[in-house]
file target-v7.csv (CSV, C-alpha atoms and all ligand atoms)
chain,number,residue,atom,x,y,z
A,25,MET,CA,0.0,0.0,0.0
A,26,SER,CA,1.4,3.4,-0.9
A,27,GLU,CA,0.9,6.8,0.5
A,28,ILE,CA,-0.1,9.5,-1.9
A,29,LYS,CA,-0.1,13.3,-1.8
A,30,PRO,CA,-3.4,14.5,-3.1
A,31,VAL,CA,-4.0,17.6,-5.2
A,32,SER,CA,-4.0,20.6,-2.9
A,33,ILE,CA,-5.1,24.2,-3.6
A,34,SER,CA,-4.9,27.4,-1.6
A,35,TYR,CA,-8.0,29.2,-0.3
A,36,LEU,CA,-6.1,32.5,-0.7
A,37,ASP,CA,-5.4,31.7,-4.4
A,38,PHE,CA,-9.1,31.0,-4.9
A,39,LYS,CA,-9.9,34.4,-3.3
A,40,ALA,CA,-7.3,36.0,-5.7
A,41,GLY,CA,-9.2,34.4,-8.7
A,42,LYS,CA,-6.6,31.9,-9.8
A,43,ASP,CA,-7.6,29.4,-12.4
A,44,PHE,CA,-7.9,25.8,-11.1
A,45,THR,CA,-8.8,23.9,-14.2
A,46,GLU,CA,-5.8,21.6,-14.1
A,47,ASP,CA,-6.2,20.9,-10.4
A,48,VAL,CA,-9.9,20.0,-10.7
A,49,SER,CA,-9.1,17.7,-13.6
A,50,ALA,CA,-6.3,16.0,-11.8
A,51,ALA,CA,-8.4,15.6,-8.6
A,52,PHE,CA,-11.8,14.7,-10.0
A,53,GLY,CA,-11.1,13.4,-13.6
A,54,ALA,CA,-11.1,9.8,-14.6
A,55,ASN,CA,-7.8,9.1,-12.8
A,56,GLY,CA,-8.3,11.4,-9.9
A,57,LEU,CA,-8.7,10.4,-6.2
A,58,GLY,CA,-12.1,12.1,-6.1
A,59,LEU,CA,-10.9,14.5,-3.5
A,60,ILE,CA,-9.0,17.8,-3.1
A,61,VAL,CA,-7.2,19.4,-0.2
A,62,ILE,CA,-7.8,23.0,0.7
A,63,ARG,CA,-5.0,24.9,2.6
A,64,ASP,CA,-4.5,28.4,3.9
A,65,LEU,CA,-7.9,28.7,5.6
A,66,PRO,CA,-8.2,31.7,7.9
A,67,ASP,CA,-9.0,30.9,11.6
A,68,PHE,CA,-9.1,27.2,10.8
A,69,GLN,CA,-7.0,25.5,13.4
A,70,LYS,CA,-8.5,27.3,16.4
A,71,GLU,CA,-12.1,26.3,15.3
A,72,ARG,CA,-11.0,22.8,14.4
A,73,ILE,CA,-9.5,22.1,17.7
A,74,ALA,CA,-12.4,23.6,19.6
A,75,ALA,CA,-15.0,21.5,17.8
A,76,LEU,CA,-13.0,18.3,18.0
A,77,ARG,CA,-12.2,18.6,21.7
A,78,THR,CA,-15.9,19.3,22.4
A,79,ILE,CA,-17.2,16.1,20.9
A,80,ARG,CA,-14.8,14.2,23.1
A,81,LYS,CA,-16.2,16.0,26.1
A,82,PHE,CA,-19.7,15.2,25.1
A,83,ALA,CA,-18.9,11.5,24.5
A,84,ASN,CA,-17.5,11.3,28.0
A,85,LEU,CA,-20.7,12.5,29.7
A,86,SER,CA,-22.9,9.9,31.4
A,87,GLU,CA,-25.3,7.8,29.2
A,88,GLU,CA,-28.2,9.4,31.1
A,89,ILE,CA,-27.2,12.9,30.0
A,90,LYS,CA,-26.3,11.9,26.4
A,91,ASP,CA,-29.7,10.2,26.1
A,92,LYS,CA,-31.4,13.6,26.6
A,93,TYR,CA,-30.0,14.7,23.3
A,94,THR,CA,-31.0,11.7,21.1
A,95,HIS,CA,-33.7,12.1,18.5
A,96,SER,CA,-35.4,8.8,17.6
A,97,GLU,CA,-38.0,10.7,15.4
A,98,SER,CA,-35.3,11.3,12.8
A,99,ASN,CA,-33.7,7.8,13.2
A,100,TYR,CA,-31.0,9.4,15.3
A,101,SER,CA,-30.0,11.7,12.4
A,102,PHE,CA,-30.0,14.7,14.7
A,103,GLY,CA,-28.4,15.1,18.0
A,104,TRP,CA,-26.4,12.3,19.6
A,105,SER,CA,-26.3,8.8,18.0
A,106,HIS,CA,-24.3,5.9,19.4
A,107,GLY,CA,-24.9,2.2,18.7
A,108,LYS,CA,-27.9,3.0,16.5
A,109,GLU,CA,-26.1,2.5,13.1
A,110,LYS,CA,-25.3,-1.0,12.0
A,111,MET,CA,-22.1,-2.4,10.5
A,112,ARG,CA,-21.9,-4.6,7.5
A,113,ASN,CA,-22.5,-7.8,9.6
A,114,GLY,CA,-25.6,-6.2,11.1
A,115,VAL,CA,-24.0,-5.7,14.5
A,116,PRO,CA,-24.6,-2.2,16.0
A,117,ASP,CA,-21.7,0.1,15.5
A,118,THR,CA,-20.6,1.1,19.0
A,119,ALA,CA,-17.1,2.1,18.0
A,120,LYS,CA,-18.1,5.6,17.3
A,121,GLY,CA,-20.6,8.2,18.5
A,122,SER,CA,-21.8,11.0,16.4
A,123,TYR,CA,-23.4,14.4,17.0
A,124,TYR,CA,-25.5,15.5,14.0
A,125,ALA,CA,-26.9,18.9,13.2
A,126,ASN,CA,-27.9,20.9,10.2
A,127,THR,CA,-25.1,23.3,9.5
A,128,LEU,CA,-27.2,25.9,7.7
A,129,GLY,CA,-29.6,26.7,10.6
A,130,ASP,CA,-31.4,25.3,13.5
A,131,THR,CA,-34.7,25.2,11.6
A,132,THR,CA,-34.3,25.0,7.8
A,133,THR,CA,-37.9,24.6,6.8
A,134,ASP,CA,-41.5,25.3,8.2
A,135,ASP,CA,-42.8,22.8,5.6
A,136,GLN,CA,-44.4,20.1,7.7
A,137,TYR,CA,-44.7,17.8,4.8
A,138,LEU,CA,-40.9,17.8,4.3
A,139,LYS,CA,-40.3,17.4,8.1
A,140,ASP,CA,-42.7,14.4,8.3
A,141,THR,CA,-41.5,12.8,5.1
A,142,PHE,CA,-37.8,13.3,5.4
A,143,PRO,CA,-37.2,13.6,9.2
A,144,GLU,CA,-33.6,12.5,8.7
A,145,MET,CA,-33.0,15.7,6.6
A,146,TYR,CA,-35.4,18.3,7.8
A,147,SER,CA,-35.8,18.0,11.6
A,148,ASP,CA,-34.8,20.9,13.8
A,149,ASN,CA,-31.4,20.9,15.5
A,150,VAL,CA,-31.0,19.6,19.0
A,151,TRP,CA,-28.3,21.1,21.2
A,152,PRO,CA,-27.0,20.1,24.6
A,153,SER,CA,-27.5,23.6,26.0
A,154,GLU,CA,-27.9,22.5,29.6
A,155,ASP,CA,-25.1,20.1,29.8
A,156,LEU,CA,-22.4,21.2,27.3
A,157,PRO,CA,-23.4,24.6,26.0
A,158,GLU,CA,-20.0,25.1,24.2
A,159,LEU,CA,-20.8,22.3,21.8
A,160,GLU,CA,-23.2,24.4,19.7
A,161,PRO,CA,-20.9,27.4,19.0
A,162,ALA,CA,-17.9,25.1,18.4
A,163,PHE,CA,-19.9,23.0,16.0
A,164,LYS,CA,-21.4,26.0,14.2
A,165,ASN,CA,-18.1,27.9,13.9
A,166,MET,CA,-16.2,25.0,12.3
A,167,SER,CA,-19.1,24.0,10.0
A,168,HIS,CA,-19.4,27.5,8.8
A,169,ILE,CA,-15.9,27.3,7.4
A,170,GLN,CA,-16.7,23.9,5.9
A,171,VAL,CA,-19.9,25.2,4.2
A,172,GLY,CA,-17.9,28.1,2.7
A,173,VAL,CA,-15.3,25.7,1.3
A,174,GLY,CA,-18.1,23.5,-0.1
A,175,TYR,CA,-19.6,26.5,-2.0
A,176,MET,CA,-16.1,27.5,-3.1
A,177,ILE,CA,-15.4,24.0,-4.6
A,178,CYS,CA,-18.8,24.0,-6.3
A,179,GLU,CA,-17.9,27.3,-7.9
A,180,LEU,CA,-14.7,25.7,-9.2
A,181,PHE,CA,-16.7,22.7,-10.5
A,182,ASP,CA,-19.1,25.0,-12.4
A,183,LYS,CA,-16.2,26.9,-14.0
A,184,TYR,CA,-14.4,23.7,-14.9
A,185,LEU,CA,-17.5,22.1,-16.5
A,186,ARG,CA,-18.3,25.3,-18.4
A,187,GLY,CA,-14.8,25.4,-19.8
A,188,LEU,CA,-14.8,21.7,-20.6
A,189,THR,CA,-18.2,21.8,-22.4
A,190,ASN,CA,-17.6,25.1,-24.3
A,191,GLY,CA,-20.3,26.8,-22.4
A,192,LEU,CA,-23.0,24.0,-22.6
A,193,HIS,CA,-22.8,23.8,-18.8
A,194,SER,CA,-24.7,26.8,-17.4
A,195,ALA,CA,-22.8,29.2,-15.2
A,196,GLY,CA,-23.3,28.6,-11.5
A,197,HIS,CA,-25.7,25.6,-12.1
A,198,PHE,CA,-24.4,23.3,-9.3
A,199,LEU,CA,-23.7,26.1,-6.9
A,200,ASP,CA,-27.3,27.3,-7.2
A,201,MET,CA,-28.6,23.7,-6.8
A,202,LEU,CA,-26.4,23.1,-3.7
A,203,LYS,CA,-27.5,26.4,-2.1
A,204,LYS,CA,-31.2,25.4,-2.6
A,205,GLY,CA,-30.5,22.0,-0.9
A,206,THR,CA,-30.6,23.2,2.7
A,207,ALA,CA,-30.1,19.6,3.8
A,208,CYS,CA,-26.6,20.2,4.8
A,209,LYS,CA,-25.6,17.9,7.7
A,210,GLY,CA,-22.6,18.2,10.0
A,211,ARG,CA,-21.4,15.1,11.8
A,212,LEU,CA,-19.1,15.5,14.7
A,213,LEU,CA,-17.5,12.1,15.4
A,214,HIS,CA,-15.9,10.5,18.4
A,215,TYR,CA,-14.2,7.1,17.9
A,216,PHE,CA,-14.1,5.5,21.3
A,217,PRO,CA,-10.9,3.7,22.4
A,218,ALA,CA,-11.3,0.3,20.8
A,219,PRO,CA,-10.2,-3.1,22.3
A,220,PRO,CA,-7.4,-4.5,20.1
A,221,ALA,CA,-9.6,-7.3,18.8
A,222,ALA,CA,-11.9,-4.8,17.2
A,223,ASN,CA,-9.2,-3.4,15.0
A,224,LYS,CA,-8.4,-6.4,12.8
A,225,SER,CA,-10.3,-5.7,9.6
A,226,GLU,CA,-8.9,-3.6,6.9
A,227,ASP,CA,-11.6,-1.0,7.1
A,228,GLY,CA,-12.2,-1.2,10.9
A,229,LEU,CA,-13.6,2.3,11.4
A,230,CYS,CA,-15.8,2.9,8.4
A,231,GLY,CA,-16.2,0.3,5.7
A,232,TRP,CA,-15.7,0.6,2.0
A,233,HIS,CA,-18.3,2.9,0.4
A,234,LEU,CA,-18.7,5.9,-1.9
A,235,ASP,CA,-20.3,9.1,-0.6
A,236,HIS,CA,-23.7,9.3,-2.4
A,237,GLY,CA,-24.7,13.0,-2.0
A,238,GLY,CA,-23.2,16.2,-3.3
A,239,ILE,CA,-20.0,16.9,-1.6
A,240,THR,CA,-18.4,16.0,1.7
A,241,ILE,CA,-16.0,18.3,3.6
A,242,LEU,CA,-13.7,16.6,6.2
A,243,THR,CA,-11.4,17.9,8.8
A,244,CYS,CA,-8.1,16.1,9.6
A,245,PRO,CA,-8.8,13.9,12.6
A,246,LEU,CA,-7.5,14.8,16.1
A,247,TYR,CA,-6.0,11.9,18.0
A,248,LEU,CA,-5.9,12.0,21.7
A,249,ASP,CA,-4.7,9.8,24.5
A,250,LEU,CA,-7.1,8.8,27.4
A,251,GLU,CA,-6.1,12.0,29.3
A,252,GLY,CA,-7.0,14.1,26.3
A,253,ASN,CA,-3.5,15.0,25.3
A,254,GLU,CA,-3.0,15.3,21.5
A,255,ILE,CA,-0.8,12.6,20.0
A,256,PRO,CA,0.6,12.2,16.5
A,257,ALA,CA,-1.6,10.4,14.1
A,258,PRO,CA,-0.8,6.7,14.2
A,259,SER,CA,0.8,5.7,10.9
A,260,ASP,CA,-1.4,2.6,10.4
A,261,CYS,CA,-4.7,4.3,10.1
A,262,GLY,CA,-6.7,7.0,8.2
A,263,LEU,CA,-8.5,7.6,4.9
A,264,HIS,CA,-7.8,5.0,2.2
A,265,ILE,CA,-8.9,5.2,-1.4
A,266,LYS,CA,-9.3,2.6,-4.2
A,267,HIS,CA,-7.3,4.2,-7.0
A,268,PRO,CA,-9.5,4.3,-10.1
A,269,SER,CA,-6.6,3.8,-12.5
A,270,ASP,CA,-5.3,0.5,-11.2
A,271,GLY,CA,-7.4,-0.5,-8.2
A,272,SER,CA,-4.5,-0.1,-5.7
A,273,ILE,CA,-5.3,1.0,-2.2
A,274,VAL,CA,-3.6,4.3,-1.4
A,275,LYS,CA,-3.5,6.2,1.9
A,276,VAL,CA,-4.3,9.9,1.9
A,277,THR,CA,-3.0,12.0,4.6
A,278,ILE,CA,-4.9,15.2,5.4
A,279,PRO,CA,-2.6,17.9,6.8
A,280,ALA,CA,-3.9,19.1,10.2
A,281,ASP,CA,-4.5,22.7,9.0
A,282,CYS,CA,-6.4,21.7,5.8
A,283,LEU,CA,-9.8,20.5,4.8
A,284,VAL,CA,-10.5,17.8,2.3
A,285,VAL,CA,-13.4,17.8,-0.1
A,286,GLN,CA,-14.8,14.6,-1.6
A,287,LEU,CA,-17.3,14.1,-4.3
A,288,GLY,CA,-20.5,12.1,-4.0
A,289,GLU,CA,-21.9,9.7,-6.6
A,290,SER,CA,-25.0,11.8,-7.3
A,291,PHE,CA,-22.6,14.7,-8.3
A,292,GLN,CA,-20.8,12.3,-10.6
A,293,TYR,CA,-24.1,11.4,-12.2
A,294,LEU,CA,-25.3,15.0,-12.6
A,295,SER,CA,-22.0,16.0,-14.1
A,296,GLY,CA,-22.4,13.4,-16.8
A,297,GLY,CA,-19.4,11.5,-15.4
A,298,HIS,CA,-16.9,14.3,-16.0
A,299,LEU,CA,-16.4,14.6,-12.2
A,300,ARG,CA,-15.7,11.3,-10.4
A,301,ALA,CA,-16.3,9.9,-6.9
A,302,THR,CA,-14.1,7.2,-5.5
A,303,ALA,CA,-14.5,4.2,-3.1
A,304,HIS,CA,-12.9,4.8,0.2
A,305,CYS,CA,-12.7,3.6,3.8
A,306,VAL,CA,-11.3,4.7,7.1
A,307,LYS,CA,-8.8,2.2,8.5
A,308,SER,CA,-8.5,1.8,12.3
A,309,SER,CA,-5.3,2.0,14.2
A,310,LYS,CA,-3.9,-1.0,16.2
A,311,THR,CA,-2.8,1.5,18.9
A,312,PRO,CA,-4.9,0.9,22.0
A,313,ASP,CA,-6.2,3.7,24.4
A,314,ILE,CA,-6.5,6.5,21.9
A,315,THR,CA,-9.6,8.3,20.6
A,316,ARG,CA,-10.1,9.9,17.2
A,317,GLU,CA,-12.2,13.1,16.7
A,318,THR,CA,-13.4,14.5,13.4
A,319,LEU,CA,-16.1,16.6,11.8
A,320,ALA,CA,-17.6,15.8,8.4
A,321,CYS,CA,-20.0,18.1,6.6
A,322,PHE,CA,-22.3,16.6,3.9
A,323,MET,CA,-23.8,19.0,1.4
A,324,ASP,CA,-26.8,17.6,-0.4
A,325,TRP,CA,-29.4,18.4,-3.1
A,326,LEU,CA,-33.1,18.9,-2.5
A,327,PRO,CA,-35.0,15.6,-2.4
A,328,GLU,CA,-37.1,16.7,-5.4
A,329,GLU,CA,-34.1,17.6,-7.6
A,330,THR,CA,-34.3,15.7,-10.9
A,331,MET,CA,-31.6,13.2,-11.5
A,332,LYS,CA,-31.0,14.0,-15.2
A,333,LEU,CA,-27.9,13.6,-17.2
A,334,PRO,CA,-26.6,16.8,-18.8
A,335,GLU,CA,-26.5,17.1,-22.6
A,336,TYR,CA,-22.7,17.0,-22.5
A,337,THR,CA,-22.7,13.7,-20.7
A,338,ARG,CA,-20.2,10.9,-21.1
A,339,PRO,CA,-21.7,7.6,-22.3
A,340,TYR,CA,-24.1,6.2,-19.8
A,341,ALA,CA,-22.1,3.0,-19.1
A,342,GLU,CA,-19.1,5.2,-18.2
A,343,VAL,CA,-21.2,7.6,-16.0
A,344,VAL,CA,-22.5,4.8,-13.8
A,345,HIS,CA,-19.3,2.7,-13.7
A,346,THR,CA,-16.9,2.7,-10.7
A,347,PRO,CA,-13.6,1.1,-11.6
A,348,PHE,CA,-12.4,-1.6,-9.1
A,349,LEU,CA,-15.5,-1.3,-6.9
A,350,PRO,CA,-14.6,-3.1,-3.6
A,351,GLU,CA,-16.5,-6.3,-2.9
A,352,GLY,CA,-19.8,-5.8,-1.2
A,353,VAL,CA,-20.2,-2.2,-2.2
A,354,PRO,CA,-23.5,-1.7,-4.2
A,355,ASP,CA,-22.9,-0.4,-7.7
A,356,LEU,CA,-24.2,2.9,-8.9
A,357,GLU,CA,-25.9,1.5,-12.0
A,358,GLY,CA,-28.1,-0.7,-9.8
A,359,ARG,CA,-29.1,2.1,-7.5
A,360,MET,CA,-30.0,4.4,-10.5
A,361,LYS,CA,-32.7,2.0,-11.7
A,362,GLY,CA,-36.1,3.7,-11.6
A,363,VAL,CA,-34.7,6.9,-10.2
A,364,LYS,CA,-36.4,10.1,-11.2
A,365,HIS,CA,-35.6,12.4,-8.3
A,366,TYR,CA,-32.7,12.6,-5.8
A,367,ARG,CA,-35.0,11.2,-3.0
A,368,ASP,CA,-35.3,7.9,-5.1
A,369,PHE,CA,-31.6,7.6,-5.3
A,370,TYR,CA,-31.1,8.4,-1.6
A,371,SER,CA,-33.6,5.8,-0.7
A,372,ASN,CA,-32.1,3.1,-3.1
A,373,THR,CA,-28.7,3.8,-1.6
A,374,PHE,CA,-29.9,3.5,2.0
A,375,LYS,CA,-31.6,0.2,1.2
A,376,ALA,CA,-28.6,-1.1,-0.7
A,377,TYR,CA,-26.1,-0.4,2.0
A,378,HIS,CA,-28.3,-1.8,4.7
A,379,SER,CA,-29.4,-5.0,2.9
A,380,GLU,CA,-26.2,-5.9,1.0
A,381,ASN,CA,-23.8,-4.9,3.8
A,401,FE,FE,-17.2,8.7,2.9

call {"tool": "encode", "arguments": {"input": "target-v7.csv", "output": "structure tokens", "more": "lines below"}}
Ligand SMILES: [Fe+2]
result
Amino acid sequence: MSEIKPVSISYLDFKAGKDFTEDVSAAFGANGLGLIVIRDLPDFQKERIAALRTIRKFANLSEEIKDKYTHSESNYSFGWSHGKEKMRNGVPDTAKGSYYANTLGDTTTDDQYLKDTFPEMYSDNVWPSEDLPELEPAFKNMSHIQVGVGYMICELFDKYLRGLTNGLHSAGHFLDMLKKGTACKGRLLHYFPAPPAANKSEDGLCGWHLDHGGITILTCPLYLDLEGNEIPAPSDCGLHIKHPSDGSIVKVTIPADCLVVQLGESFQYLSGGHLRATAHCVKSSKTPDITRETLACFMDWLPEETMKLPEYTRPYAEVVHTPFLPEGVPDLEGRMKGVKHYRDFYSNTFKAYHSEN
């Protein structure tokens, strides 16, 4: 297994209006890793550390207190969630706990139909105001930076596709679509210290999958010992990608002061296969007595968005094909069957991952 340096771009260069055509092509084209690193982010480290330390504090509260902030109505997709999600063998995943919230606002819609039909996406935020009031501002401050980076990357995608298609791609198309989405979810994650036996599988923390939505923005994880002291990232763990050009597994290291943006399959489809998502997993460390903290932000489309290929699409077979798809991961072509709207794709994906894995 090799370690690879991903394509990296500067936030300051973006602000200065630099052209990133080659970077987008290298990162998200047919042979790209499906991700890009963003560096030079103002105020980043302070907010990152604050958010990641707060989730550890929350996870260390008593079960009774944590239970006050669970939200069964949304299938634990808001507030605290621990042991509610299942792993591929059907066993509840107790290795990690998550705190979920919409990053765009505490209430993103008054539409009761949307709230009732898609509680996982449209419920109101739940905050531990009584027991850990600092979690809310820490979460919001860090996610705010992530959302800004998400919009920035979307702007780059629009420019890239417009250039690539000689103007067939409408200016600002995906940025507008993503801004309409409002289902933008932040997931603050705490990986509990794992017993050594739990760390045997290749993808011990988060199994092989492709992100299915729009874009995902990830912080570099913070590793802590049991006293809460920061320790260097163990060398045997982290984000691993199936390289689309030869199927090799490569490790991607995210520098501590950077964010990484990954593409989801629905974005691949809507871009007519010009932008590509890749299969990835998070490998666990064999080092005992450490915790891992991270914050992922998932930016998604509206459920009623139409899943239609653009006129400049690549051939269909190519659009829905993922080279070297890891065993057990449901293919995109199968989940696109009968899909008209994004909500159909979301639902097919949910079912596929929960039945096949
Ligand atoms: Fe992922």

call {"tool": "closest_residue", "arguments": {"input": "target-v7.csv", "among": "A:Thr240, A:Asn190, A:Gln292, A:Ser309", "to": "ligand FE 401 (chain A)", "atoms": "all atoms listed in the file"}}
result
A:Thr240

call {"tool": "closest_atom_pairs", "arguments": {"input": "target-v7.csv", "of": "chain A", "to": "ligand FE 401 (chain A)", "cutoff": "8 Å", "atoms": "only C-alpha atoms and all ligand atoms", "output": "CSV"}}
result
residue,atom,partner,partner_atom,distance
A:His233,CA,A:FE401,FE,6.4
A:Leu234,CA,A:FE401,FE,5.8
A:Asp235,CA,A:FE401,FE,4.7
A:Thr240,CA,A:FE401,FE,7.5
A:Gln286,CA,A:FE401,FE,7.8
A:Ala303,CA,A:FE401,FE,8.0
A:His304,CA,A:FE401,FE,6.4
A:Cys305,CA,A:FE401,FE,6.9

call {"tool": "residues_around", "arguments": {"input": "target-v7.csv", "residues": "Ala301 in chain A", "least_positions_apart": "2", "cutoff": "12 Å", "atoms": "only C-alpha atoms", "output": "number ranges by chain"}}
result
A: 51-60, 233-240, 265-268, 285-295, 297-299, 303-304, 343-347, 349, 356

call {"tool": "write_last_selection", "arguments": {"input": "target-v7.csv", "atoms": "C-alpha atoms", "output": "compact mmCIF listing (two decimals), in the frame of the given file"}}
result
# COMPACT_ATOMS: atom_id res chain seq x y z
CA ALA A 51 -8.40 15.60 -8.60
CA PHE A 52 -11.80 14.70 -10.00
CA GLY A 53 -11.10 13.40 -13.60
CA ALA A 54 -11.10 9.80 -14.60
CA ASN A 55 -7.80 9.10 -12.80
CA GLY A 56 -8.30 11.40 -9.90
CA LEU A 57 -8.70 10.40 -6.20
CA GLY A 58 -12.10 12.10 -6.10
CA LEU A 59 -10.90 14.50 -3.50
CA ILE A 60 -9.00 17.80 -3.10
CA HIS A 233 -18.30 2.90 0.40
CA LEU A 234 -18.70 5.90 -1.90
CA ASP A 235 -20.30 9.10 -0.60
CA HIS A 236 -23.70 9.30 -2.40
CA GLY A 237 -24.70 13.00 -2.00
CA GLY A 238 -23.20 16.20 -3.30
CA ILE A 239 -20.00 16.90 -1.60
CA THR A 240 -18.40 16.00 1.70
CA ILE A 265 -8.90 5.20 -1.40
CA LYS A 266 -9.30 2.60 -4.20
CA HIS A 267 -7.30 4.20 -7.00
CA PRO A 268 -9.50 4.30 -10.10
CA VAL A 285 -13.40 17.80 -0.10
CA GLN A 286 -14.80 14.60 -1.60
CA LEU A 287 -17.30 14.10 -4.30
CA GLY A 288 -20.50 12.10 -4.00
CA GLU A 289 -21.90 9.70 -6.60
CA SER A 290 -25.00 11.80 -7.30
CA PHE A 291 -22.60 14.70 -8.30
CA GLN A 292 -20.80 12.30 -10.60
CA TYR A 293 -24.10 11.40 -12.20
CA LEU A 294 -25.30 15.00 -12.60
CA SER A 295 -22.00 16.00 -14.10
CA GLY A 297 -19.40 11.50 -15.40
CA HIS A 298 -16.90 14.30 -16.00
CA LEU A 299 -16.40 14.60 -12.20
CA ALA A 303 -14.50 4.20 -3.10
CA HIS A 304 -12.90 4.80 0.20
CA VAL A 343 -21.20 7.60 -16.00
CA VAL A 344 -22.50 4.80 -13.80
CA HIS A 345 -19.30 2.70 -13.70
CA THR A 346 -16.90 2.70 -10.70
CA PRO A 347 -13.60 1.10 -11.60
CA LEU A 349 -15.50 -1.30 -6.90
CA LEU A 356 -24.20 2.90 -8.90

call {"tool": "closest_residue", "arguments": {"input": "target-v7.csv", "among": "A:Ile169, A:Met331, A:Ile79, A:Cys261", "to": "Ile278 in chain A", "atoms": "only C-alpha atoms"}}
result
A:Cys261

call {"tool": "closest_residue", "arguments": {"input": "target-v7.csv", "among": "A:Leu283, A:Ile273, A:Leu156, A:Pro143", "to": "Ala320 in chain A", "atoms": "all atoms listed in the file"}}
result
A:Leu283

call {"tool": "residues_near_point", "arguments": {"input": "target-v7.csv", "point": "(-14.3, 15.0, 22.8)", "cutoff": "10 Å", "atoms": "only C-alpha atoms", "output": "mmCIF file with C-alpha atoms, keeping the file's coordinate frame"}}
result
data_model
loop_
_atom_site.group_PDB
_atom_site.id
_atom_site.type_symbol
_atom_site.label_atom_id
_atom_site.label_comp_id
_atom_site.auth_asym_id
_atom_site.auth_seq_id
_atom_site.Cartn_x
_atom_site.Cartn_y
_atom_site.Cartn_z
ATOM 1 C CA ILE A 73 -9.500 22.100 17.700
ATOM 2 C CA ALA A 74 -12.400 23.600 19.600
ATOM 3 C CA ALA A 75 -15.000 21.500 17.800
ATOM 4 C CA LEU A 76 -13.000 18.300 18.000
ATOM 5 C CA ARG A 77 -12.200 18.600 21.700
ATOM 6 C CA THR A 78 -15.900 19.300 22.400
ATOM 7 C CA ILE A 79 -17.200 16.100 20.900
ATOM 8 C CA ARG A 80 -14.800 14.200 23.100
ATOM 9 C CA LYS A 81 -16.200 16.000 26.100
ATOM 10 C CA PHE A 82 -19.700 15.200 25.100
ATOM 11 C CA ALA A 83 -18.900 11.500 24.500
ATOM 12 C CA ASN A 84 -17.500 11.300 28.000
ATOM 13 C CA LEU A 85 -20.700 12.500 29.700
ATOM 14 C CA LEU A 159 -20.800 22.300 21.800
ATOM 15 C CA LEU A 212 -19.100 15.500 14.700
ATOM 16 C CA LEU A 213 -17.500 12.100 15.400
ATOM 17 C CA HIS A 214 -15.900 10.500 18.400
ATOM 18 C CA TYR A 215 -14.200 7.100 17.900
ATOM 19 C CA PHE A 216 -14.100 5.500 21.300
ATOM 20 C CA LEU A 246 -7.500 14.800 16.100
ATOM 21 C CA LEU A 248 -5.900 12.000 21.700
ATOM 22 C CA GLY A 252 -7.000 14.100 26.300
ATOM 23 C CA THR A 315 -9.600 8.300 20.600
ATOM 24 C CA ARG A 316 -10.100 9.900 17.200
ATOM 25 C CA GLU A 317 -12.200 13.100 16.700
ATOM 26 C CA THR A 318 -13.400 14.500 13.400
#

call {"tool": "atom_distance", "arguments": {"input": "target-v7.csv", "atom1": "CA of Glu97 in chain A", "atom2": "CA of Lys364 in chain A"}}
result
26.7 Å

call {"tool": "residues_around", "arguments": {"input": "target-v7.csv", "residues": "range 174-185 of chain A", "least_positions_apart": "5", "cutoff": "8 Å", "atoms": "only C-alpha atoms", "output": "ChimeraX atom specification"}}
result
/A:44-45,48,193-199,202-203,239-241,285,295,298,323

call {"tool": "atom_distance", "arguments": {"input": "target-v7.csv", "atom1": "CA of Thr132 in chain A", "atom2": "CA of His106 in chain A"}}
result
24.5 Å

call {"tool": "atom_distance", "arguments": {"input": "target-v7.csv", "atom1": "CA of Arg63 in chain A", "atom2": "CA of Tyr35 in chain A"}}
result
6.0 Å

call {"tool": "closest_residue", "arguments": {"input": "target-v7.csv", "among": "A:Thr141, A:Ser371, A:Ser49, A:Thr243", "to": "Val284 in chain A", "atoms": "all atoms listed in the file"}}
result
A:Thr243

call {"tool": "residues_around", "arguments": {"input": "target-v7.csv", "residues": "Phe374 in chain A", "least_positions_apart": "5", "cutoff": "10 Å", "atoms": "only C-alpha atoms", "output": "ChimeraX atom specification"}}
result
/A:236,359,368-369,379

call {"tool": "write_last_selection", "arguments": {"input": "target-v7.csv", "atoms": "C-alpha atoms", "output": "PDB file, keeping the file's coordinate frame"}}
result
ATOM      1  CA  HIS A 236     -23.700   9.300  -2.400  1.00  0.00           C
ATOM      2  CA  ARG A 359     -29.100   2.100  -7.500  1.00  0.00           C
ATOM      3  CA  ASP A 368     -35.300   7.900  -5.100  1.00  0.00           C
ATOM      4  CA  PHE A 369     -31.600   7.600  -5.300  1.00  0.00           C
ATOM      5  CA  SER A 379     -29.400  -5.000   2.900  1.00  0.00           C
TER       6      SER A 379
END

call {"tool": "closest_residue", "arguments": {"input": "target-v7.csv", "among": "A:Trp232, A:Trp104, A:Phe322, A:Tyr377", "to": "Ala207 in chain A", "atoms": "only C-alpha atoms"}}
result
A:Phe322

call {"tool": "closest_residue", "arguments": {"input": "target-v7.csv", "among": "A:Thr277, A:Glu158, A:Pro312, A:Glu144", "to": "Lys29 in chain A", "atoms": "only C-alpha atoms"}}
result
A:Thr277

call {"tool": "residues_around", "arguments": {"input": "target-v7.csv", "residues": "Asp37 in chain A", "least_positions_apart": "2", "cutoff": "12 Å", "atoms": "all atoms listed in the file", "output": "compact mmCIF listing (two decimals) with C-alpha atoms, in the coordinates of the input"}}
result
# COMPACT_ATOMS: atom_id res chain seq x y z
CA SER A 32 -4.00 20.60 -2.90
CA ILE A 33 -5.10 24.20 -3.60
CA SER A 34 -4.90 27.40 -1.60
CA TYR A 35 -8.00 29.20 -0.30
CA LYS A 39 -9.90 34.40 -3.30
CA ALA A 40 -7.30 36.00 -5.70
CA GLY A 41 -9.20 34.40 -8.70
CA LYS A 42 -6.60 31.90 -9.80
CA ASP A 43 -7.60 29.40 -12.40
CA PHE A 44 -7.90 25.80 -11.10
CA ILE A 62 -7.80 23.00 0.70
CA ARG A 63 -5.00 24.90 2.60
CA ASP A 64 -4.50 28.40 3.90
CA LEU A 65 -7.90 28.70 5.60
CA MET A 176 -16.10 27.50 -3.10
